[in-house]
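Shown next: start-v4.tsv, given as TSV, C-alpha atoms.
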```
chain	number	residue	atom	x	y	z
A	27	MET	CA	73.26	109.12	100.39
A	28	ALA	CA	71.45	106.12	101.80
A	29	HIS	CA	68.15	107.47	100.50
A	30	PHE	CA	69.71	108.05	97.10
A	31	MET	CA	71.14	104.53	96.93
A	32	LYS	CA	67.76	103.10	97.89
A	33	SER	CA	65.86	104.98	95.20
A	34	PHE	CA	68.64	104.46	92.70
A	35	SER	CA	68.68	100.69	93.17
A	36	ARG	CA	64.88	100.65	92.86
A	37	GLU	CA	65.08	102.41	89.51
A	38	LEU	CA	67.97	100.24	88.42
A	39	ALA	CA	65.80	97.20	89.10
A	40	ALA	CA	62.92	98.76	87.18
A	41	GLY	CA	65.23	99.24	84.18
A	42	LEU	CA	64.98	103.02	84.10
A	43	VAL	CA	68.69	103.59	84.43
A	44	ASP	CA	71.30	102.00	82.18
A	45	VAL	CA	74.71	101.64	83.64
A	46	ASP	CA	77.78	101.11	81.49
A	47	PRO	CA	79.66	97.90	82.45
A	48	ALA	CA	82.84	99.89	82.95
A	49	PHE	CA	80.78	102.18	85.27
A	50	ASN	CA	82.27	105.21	83.60
A	51	ARG	CA	79.10	106.48	82.01
A	52	MET	CA	75.52	106.41	83.06
A	53	THR	CA	72.48	106.95	80.87
A	54	ILE	CA	69.26	107.96	82.55
A	55	THR	CA	66.21	107.21	80.44
A	56	ARG	CA	63.42	108.14	82.82
A	57	VAL	CA	63.59	108.97	86.43
A	58	SER	CA	61.20	110.18	89.10
A	59	SER	CA	61.47	113.71	90.42
A	60	SER	CA	62.38	112.72	93.98
A	61	SER	CA	65.26	110.52	92.98
A	62	TRP	CA	66.35	113.10	90.38
A	63	SER	CA	66.77	115.67	93.14
A	64	CYS	CA	68.65	113.05	95.14
A	65	MET	CA	70.91	112.38	92.19
A	66	THR	CA	71.67	115.99	91.45
A	67	ASN	CA	72.47	116.53	95.09
A	68	SER	CA	74.63	113.44	95.30
A	69	CYS	CA	78.33	114.16	95.66
A	70	ALA	CA	79.30	110.90	93.98
A	71	LEU	CA	77.48	111.69	90.77
A	72	ARG	CA	78.55	115.32	90.74
A	73	ARG	CA	82.16	114.24	91.04
A	74	ARG	CA	81.81	111.88	88.10
A	75	ARG	CA	80.18	114.49	85.91
A	76	PHE	CA	82.53	117.33	86.80
A	77	PRO	CA	85.84	115.74	87.77
A	78	ARG	CA	87.95	118.09	89.82
A	79	GLU	CA	91.68	118.37	89.88
A	80	ARG	CA	92.58	117.57	93.43
A	81	THR	CA	95.69	118.90	95.07
A	82	LYS	CA	96.88	117.04	98.13
A	83	ALA	CA	97.05	119.06	101.30
A	84	HIS	CA	100.82	118.85	101.59
A	85	GLU	CA	101.22	120.14	98.03
A	86	GLN	CA	99.05	123.20	98.54
A	87	ASP	CA	101.01	126.38	98.35
A	88	PHE	CA	100.54	128.81	101.21
A	89	ILE	CA	101.43	131.86	99.12
A	90	ILE	CA	98.72	130.92	96.63
A	91	LEU	CA	96.23	130.72	99.48
A	92	LEU	CA	97.15	134.26	100.46
A	93	PHE	CA	96.96	135.43	96.84
A	94	ALA	CA	93.51	133.89	96.49
A	95	LEU	CA	92.50	135.56	99.76
A	96	LYS	CA	93.71	138.86	98.37
A	97	THR	CA	92.00	138.62	95.00
A	98	ARG	CA	88.77	136.85	95.98
A	99	PRO	CA	88.22	137.12	99.73
A	100	GLY	CA	84.53	136.29	99.47
A	101	LEU	CA	85.33	132.70	98.52
A	102	MET	CA	87.09	131.99	101.79
A	103	VAL	CA	86.13	134.44	104.47
A	104	GLY	CA	82.76	135.65	103.20
A	105	ASP	CA	81.52	139.22	103.01
A	106	ASP	CA	83.10	140.20	106.32
A	107	ALA	CA	86.72	140.24	105.16
A	108	SER	CA	88.04	142.01	108.25
A	109	ALA	CA	91.63	141.67	109.43
A	110	SER	CA	90.58	139.39	112.29
A	111	ALA	CA	88.60	137.13	109.93
A	112	ILE	CA	91.58	136.84	107.56
A	113	GLU	CA	93.92	136.11	110.46
A	114	ALA	CA	91.56	133.51	111.92
A	115	PHE	CA	91.31	131.77	108.54
A	116	VAL	CA	95.08	131.71	108.00
A	117	SER	CA	95.65	130.65	111.60
A	118	GLY	CA	93.24	127.76	111.03
A	119	ALA	CA	95.06	126.74	107.85
A	120	ILE	CA	98.43	126.72	109.62
A	121	ALA	CA	97.05	124.91	112.69
A	122	GLY	CA	95.46	122.29	110.41
A	123	ARG	CA	98.71	121.67	108.58
A	124	ARG	CA	100.57	121.42	111.87
A	125	LYS	CA	98.00	118.98	113.19
A	126	ARG	CA	98.53	116.79	110.16
A	127	ARG	CA	102.26	116.92	110.84
A	128	PHE	CA	103.24	118.68	107.65
A	129	LYS	CA	106.41	120.68	107.73
A	130	LEU	CA	105.80	124.41	107.69
A	131	SER	CA	106.90	126.00	104.43
A	132	LEU	CA	109.10	129.10	104.22
A	133	ASP	CA	106.06	131.20	103.33
A	134	GLU	CA	104.23	130.04	106.44
A	135	LYS	CA	107.24	130.77	108.62
A	136	ARG	CA	107.46	134.20	106.99
A	137	TYR	CA	103.78	134.82	107.74
A	138	LEU	CA	104.39	134.03	111.42
A	139	ARG	CA	107.01	136.81	111.49
A	140	PHE	CA	104.49	139.37	110.16
A	141	GLU	CA	103.02	140.32	113.55
A	142	PRO	CA	106.40	141.09	115.24
A	143	TRP	CA	107.38	143.09	112.12
A	144	LEU	CA	104.15	145.10	112.28
A	145	ASN	CA	104.73	145.80	115.97
A	146	ARG	CA	108.28	146.98	115.30
A	147	LYS	CA	107.22	149.11	112.34
A	148	HIS	CA	104.52	151.01	114.18
A	149	GLY	CA	106.23	151.15	117.58
A	150	PHE	CA	104.01	148.76	119.49
A	151	LYS	CA	105.03	145.97	121.80
A	152	ASP	CA	103.27	142.59	121.59
A	153	PHE	CA	100.08	144.08	120.20
A	154	PRO	CA	97.75	141.85	118.10
A	155	SER	CA	98.19	142.68	114.42
A	156	HIS	CA	94.46	142.93	113.67
A	157	GLN	CA	94.17	145.65	116.31
A	158	ILE	CA	97.15	147.54	114.87
A	159	LEU	CA	95.52	147.40	111.45
A	160	ARG	CA	92.23	148.55	112.92
A	161	ILE	CA	93.90	151.50	114.64
A	162	LEU	CA	96.16	152.59	111.80
A	163	GLY	CA	93.97	151.68	108.81
A	164	ASP	CA	92.56	154.42	106.62
A	165	PRO	CA	88.81	154.75	107.33
A	166	ARG	CA	88.19	155.12	103.58
A	167	GLU	CA	89.60	151.67	102.79
A	168	THR	CA	88.53	148.24	104.01
A	169	GLN	CA	90.53	146.26	106.56
A	170	HIS	CA	91.17	143.67	103.86
A	171	THR	CA	92.95	146.31	101.75
A	172	THR	CA	94.94	147.56	104.76
A	173	PHE	CA	95.99	144.02	105.69
A	174	PHE	CA	97.29	143.18	102.24
A	175	ARG	CA	98.95	146.59	101.78
A	176	GLU	CA	100.93	145.99	104.96
A	177	TYR	CA	101.63	142.37	104.08
A	178	GLU	CA	102.91	143.36	100.62
A	179	SER	CA	105.12	145.93	102.31
A	180	PHE	CA	106.40	143.20	104.65
A	181	LEU	CA	107.12	140.79	101.79
A	182	THR	CA	108.81	143.33	99.54
A	183	GLN	CA	110.69	144.98	102.44
A	184	GLY	CA	109.02	148.31	101.80
A	185	GLY	CA	109.06	147.99	97.99
A	186	ARG	CA	112.77	147.22	97.71
A	187	THR	CA	112.40	143.66	96.35
A	188	LYS	CA	110.05	142.03	93.89
A	189	THR	CA	108.74	139.33	96.22
A	190	GLY	CA	105.19	140.55	96.72
A	191	LEU	CA	102.11	138.42	96.20
A	192	ASP	CA	101.46	139.94	92.76
A	193	ASP	CA	105.08	139.27	91.73
A	194	LEU	CA	105.00	135.65	92.90
A	195	CYS	CA	101.54	134.51	91.81
A	196	GLU	CA	99.24	135.01	88.88
A	197	ARG	CA	95.67	134.32	87.99
A	198	VAL	CA	95.17	132.02	84.99
A	199	GLN	CA	91.93	131.49	83.15
A	200	ALA	CA	91.62	127.80	82.24
A	201	GLY	CA	88.37	127.45	80.31
A	202	THR	CA	85.65	128.48	82.70
A	203	ALA	CA	87.79	127.90	85.77
A	204	ILE	CA	90.22	130.32	87.35
A	205	LYS	CA	93.49	128.99	88.66
A	206	TYR	CA	96.05	130.61	90.87
A	207	VAL	CA	99.60	129.55	90.09
A	208	ARG	CA	103.06	130.51	91.18
A	209	LYS	CA	104.96	132.45	88.52
A	210	ASN	CA	108.54	131.28	88.95
A	211	ARG	CA	108.64	127.65	89.84
B	10	MET	CA	106.82	110.89	114.49
B	11	LEU	CA	103.99	109.62	112.34
B	12	LYS	CA	104.45	110.17	108.63
B	13	ASN	CA	101.57	111.48	106.58
B	14	ASN	CA	101.79	112.16	102.88
B	15	GLY	CA	98.41	113.86	102.78
B	16	SER	CA	96.62	111.12	100.90
B	17	VAL	CA	95.05	109.49	103.95
B	18	ASP	CA	93.16	111.38	106.59
B	19	GLN	CA	94.33	109.69	109.74
B	20	ALA	CA	92.61	111.88	112.29
B	21	LYS	CA	89.11	111.31	113.60
B	22	PRO	CA	86.92	114.37	112.99
B	23	ARG	CA	84.79	114.07	116.14
B	24	GLU	CA	87.85	113.79	118.39
B	25	GLU	CA	89.45	116.70	116.56
B	26	MET	CA	86.36	118.81	117.03
B	27	VAL	CA	86.18	118.04	120.76
B	28	GLU	CA	89.87	118.86	121.12
B	29	LEU	CA	89.47	122.16	119.27
B	30	CYS	CA	86.43	123.12	121.35
B	31	GLU	CA	88.44	122.47	124.54
B	32	VAL	CA	91.16	124.80	123.25
B	33	PHE	CA	88.62	127.49	122.30
B	34	ARG	CA	87.05	127.27	125.76
B	35	ASN	CA	90.20	127.23	127.86
B	36	ASP	CA	92.74	129.17	125.80
B	37	PRO	CA	90.90	131.03	123.01
B	38	PHE	CA	93.76	133.36	122.07
B	39	ARG	CA	96.09	130.50	121.28
B	40	TYR	CA	94.65	130.39	117.79
B	41	LEU	CA	92.03	133.09	117.51
B	42	PRO	CA	92.63	136.82	117.20
B	43	GLU	CA	89.26	137.58	118.83
B	44	ARG	CA	86.84	135.71	121.04
B	45	SER	CA	83.90	135.68	118.65
B	46	ILE	CA	81.73	133.21	116.80
B	47	SER	CA	82.74	134.65	113.41
B	48	CYS	CA	86.42	134.09	114.20
B	49	VAL	CA	85.74	130.51	115.28
B	50	ALA	CA	83.85	129.96	112.02
B	51	ARG	CA	86.72	131.37	109.93
B	52	PHE	CA	89.26	129.32	111.87
B	53	ILE	CA	87.32	126.13	111.28
B	54	THR	CA	87.01	126.96	107.56
B	55	GLY	CA	90.78	127.27	107.30
B	56	TYR	CA	91.36	124.19	109.45
B	57	ASP	CA	88.94	122.25	107.31
B	58	SER	CA	90.57	123.30	104.03
B	59	TYR	CA	94.14	122.56	105.00
B	60	GLY	CA	93.89	120.14	107.90
B	61	VAL	CA	91.33	117.65	109.07
B	62	VAL	CA	87.91	117.63	107.41
B	63	LEU	CA	85.43	118.97	109.96
B	64	ARG	CA	82.63	120.15	107.69
B	65	PHE	CA	80.45	117.10	108.35
B	66	GLU	CA	80.79	117.62	112.09
B	67	ILE	CA	79.76	121.25	111.68
B	68	GLU	CA	76.81	120.25	109.50
B	69	ALA	CA	75.74	117.68	112.09
B	70	PHE	CA	75.99	120.35	114.78
B	71	LYS	CA	73.88	122.76	112.68
B	72	GLN	CA	71.22	120.10	112.13
B	73	TRP	CA	71.18	119.32	115.84
B	74	LEU	CA	70.86	123.03	116.63
B	75	ILE	CA	67.94	123.49	114.21
B	76	SER	CA	66.06	120.38	115.35
```
As structure tokens, please, write out the structure in this file.
Amino acid sequence: MAHFMKSFSRELAAGLVDVDPAFNRMTITRVSSSSWSCMTNSCALRRRRFPRERTKAHEQDFIILLFALKTRPGLMVGDDASASAIEAFVSGAIAGRRKRRFKLSLDEKRYLRFEPWLNRKHGFKDFPSHQILRILGDPRETQHTTFFREYESFLTQGGRTKTGLDDLCERVQAGTAIKYVRKNR
Amino acid sequence: MLKNNGSVDQAKPREEMVELCEVFRNDPFRYLPERSISCVARFITGYDSYGVVLRFEIEAFKQWLIS
């Protein structure tokens, strides 16, 4: 950033870059290759060109995080979407929210009851859930699929209620972006 | 208790990182399902997205490791 500001101010002084007085728009007439790469890599400029809708951390919905993990695991946990990786990610999210002193939502509290439920269901006692999934999972399906099959079963109480991730959330195409929203809110 | 509405990041990333590393060293199964680098990486990704921003600390660590 410091390097960018240095080169940017140099070009500003040379009259190569016109800046709008309101600083909303910037016109680049001619620019050297090194500072162009700096500019394109600069977060500040990227943010101005492609403004993002920012959701504050306390407004982020935990169930939407899980839905996004279910539909596009590669975005969050990478190629290795094993049960332990998913659990570590979700554990990190919950620990982070706790650290920032946010109140745990009902969905988060429900997630914390998943491991005892899995133990009860399969007749284990205080066994880590990722190991249960590893033992009982079908070898033909991935651990990611097994995890979310069991979690859906936990949420819907074995298919009796319509409170699964697919019932609660949906994927919306907004232009080129994809958004995950809660259905009934 | 300190109130935080999420708009201001009140924690210091370096102190957070040191604190987390102490927990991983002394009591790894408090947060992690397994004692592995990949699990630590996933945990920090989740922590970073929903808690304190640690990505710059991780980047600094990577740069230090490479150099």
Please check the contacts: residues of chain A at most 12 Å away from chain B, using all atoms listed in the file, listed as a PyMOL selection string. chain A and resi 80-88+91-92+95+99-129+141+153-158
Using C-alpha atoms, can you write the selected residues to a file as a PDB file, in the frame of the given file?
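Final output, saved to part.pdb:
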```
ATOM      1  CA  ARG A  80      92.580 117.570  93.430  1.00  0.00           C
ATOM      2  CA  THR A  81      95.690 118.900  95.070  1.00  0.00           C
ATOM      3  CA  LYS A  82      96.880 117.040  98.130  1.00  0.00           C
ATOM      4  CA  ALA A  83      97.050 119.060 101.300  1.00  0.00           C
ATOM      5  CA  HIS A  84     100.820 118.850 101.590  1.00  0.00           C
ATOM      6  CA  GLU A  85     101.220 120.140  98.030  1.00  0.00           C
ATOM      7  CA  GLN A  86      99.050 123.200  98.540  1.00  0.00           C
ATOM      8  CA  ASP A  87     101.010 126.380  98.350  1.00  0.00           C
ATOM      9  CA  PHE A  88     100.540 128.810 101.210  1.00  0.00           C
ATOM     10  CA  LEU A  91      96.230 130.720  99.480  1.00  0.00           C
ATOM     11  CA  LEU A  92      97.150 134.260 100.460  1.00  0.00           C
ATOM     12  CA  LEU A  95      92.500 135.560  99.760  1.00  0.00           C
ATOM     13  CA  PRO A  99      88.220 137.120  99.730  1.00  0.00           C
ATOM     14  CA  GLY A 100      84.530 136.290  99.470  1.00  0.00           C
ATOM     15  CA  LEU A 101      85.330 132.700  98.520  1.00  0.00           C
ATOM     16  CA  MET A 102      87.090 131.990 101.790  1.00  0.00           C
ATOM     17  CA  VAL A 103      86.130 134.440 104.470  1.00  0.00           C
ATOM     18  CA  GLY A 104      82.760 135.650 103.200  1.00  0.00           C
ATOM     19  CA  ASP A 105      81.520 139.220 103.010  1.00  0.00           C
ATOM     20  CA  ASP A 106      83.100 140.200 106.320  1.00  0.00           C
ATOM     21  CA  ALA A 107      86.720 140.240 105.160  1.00  0.00           C
ATOM     22  CA  SER A 108      88.040 142.010 108.250  1.00  0.00           C
ATOM     23  CA  ALA A 109      91.630 141.670 109.430  1.00  0.00           C
ATOM     24  CA  SER A 110      90.580 139.390 112.290  1.00  0.00           C
ATOM     25  CA  ALA A 111      88.600 137.130 109.930  1.00  0.00           C
ATOM     26  CA  ILE A 112      91.580 136.840 107.560  1.00  0.00           C
ATOM     27  CA  GLU A 113      93.920 136.110 110.460  1.00  0.00           C
ATOM     28  CA  ALA A 114      91.560 133.510 111.920  1.00  0.00           C
ATOM     29  CA  PHE A 115      91.310 131.770 108.540  1.00  0.00           C
ATOM     30  CA  VAL A 116      95.080 131.710 108.000  1.00  0.00           C
ATOM     31  CA  SER A 117      95.650 130.650 111.600  1.00  0.00           C
ATOM     32  CA  GLY A 118      93.240 127.760 111.030  1.00  0.00           C
ATOM     33  CA  ALA A 119      95.060 126.740 107.850  1.00  0.00           C
ATOM     34  CA  ILE A 120      98.430 126.720 109.620  1.00  0.00           C
ATOM     35  CA  ALA A 121      97.050 124.910 112.690  1.00  0.00           C
ATOM     36  CA  GLY A 122      95.460 122.290 110.410  1.00  0.00           C
ATOM     37  CA  ARG A 123      98.710 121.670 108.580  1.00  0.00           C
ATOM     38  CA  ARG A 124     100.570 121.420 111.870  1.00  0.00           C
ATOM     39  CA  LYS A 125      98.000 118.980 113.190  1.00  0.00           C
ATOM     40  CA  ARG A 126      98.530 116.790 110.160  1.00  0.00           C
ATOM     41  CA  ARG A 127     102.260 116.920 110.840  1.00  0.00           C
ATOM     42  CA  PHE A 128     103.240 118.680 107.650  1.00  0.00           C
ATOM     43  CA  LYS A 129     106.410 120.680 107.730  1.00  0.00           C
ATOM     44  CA  GLU A 141     103.020 140.320 113.550  1.00  0.00           C
ATOM     45  CA  PHE A 153     100.080 144.080 120.200  1.00  0.00           C
ATOM     46  CA  PRO A 154      97.750 141.850 118.100  1.00  0.00           C
ATOM     47  CA  SER A 155      98.190 142.680 114.420  1.00  0.00           C
ATOM     48  CA  HIS A 156      94.460 142.930 113.670  1.00  0.00           C
ATOM     49  CA  GLN A 157      94.170 145.650 116.310  1.00  0.00           C
ATOM     50  CA  ILE A 158      97.150 147.540 114.870  1.00  0.00           C
TER      51      ILE A 158
END
```
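What separates atom CA of A:His170 from atom CA of A:Arg146 is a distance of 20.8 Å.
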Expressed in Å to a single decimal, how great is the separation between atom CA of A:Leu162 and atom CA of A:Arg139? 19.2 Å
Distance in Å - atom CA of A:Phe174 versus atom CA of A:Ala203: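 The value is 24.4 Å.
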Pick the closest to A:Gly184 from A:Lys147, A:Arg98, A:Arg208, A:Arg160: which is it, counting all atoms listed in the file?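 Answer, going by the shortest atom-to-atom distance: A:Lys147.
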For stretch 175-181 of chain A, work out the shell of residues within 7 Å, counting all atoms listed in the file and skipping chain neighbours fewer than 4 positions away, then give it as a PDB file with C-alpha atoms, in the coordinates of the input.
```pdb
ATOM      1  CA  PHE A 140     104.490 139.370 110.160  1.00  0.00           C
ATOM      2  CA  THR A 171      92.950 146.310 101.750  1.00  0.00           C
ATOM      3  CA  GLY A 185     109.060 147.990  97.990  1.00  0.00           C
ATOM      4  CA  THR A 189     108.740 139.330  96.220  1.00  0.00           C
ATOM      5  CA  GLY A 190     105.190 140.550  96.720  1.00  0.00           C
ATOM      6  CA  LEU A 191     102.110 138.420  96.200  1.00  0.00           C
TER       7      LEU A 191
END
```
Ranking B:Leu63, B:Ser76, B:Ile46, B:Glu68 by minimum distance to B:Val27 and counting only C-alpha atoms, which one comes first?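 Using only C-alpha atoms, B:Val27 sits closest to B:Leu63.
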Between A:Lys209, A:Phe173, A:Phe150, A:Ser131, which is the closest to A:Asp193 once you count all atoms listed in the file?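 Looking only at the distances to A:Asp193, the closest residue turns out to be A:Lys209.
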Just want the 10 Å neighbourhood of A:Ile90, counted on all atoms listed in the file, with same-chain residues fewer than 4 positions away dropped. Output as an MDAnalysis selection string. chainID A and resid 86 94:96 133 191 194:197 205:208
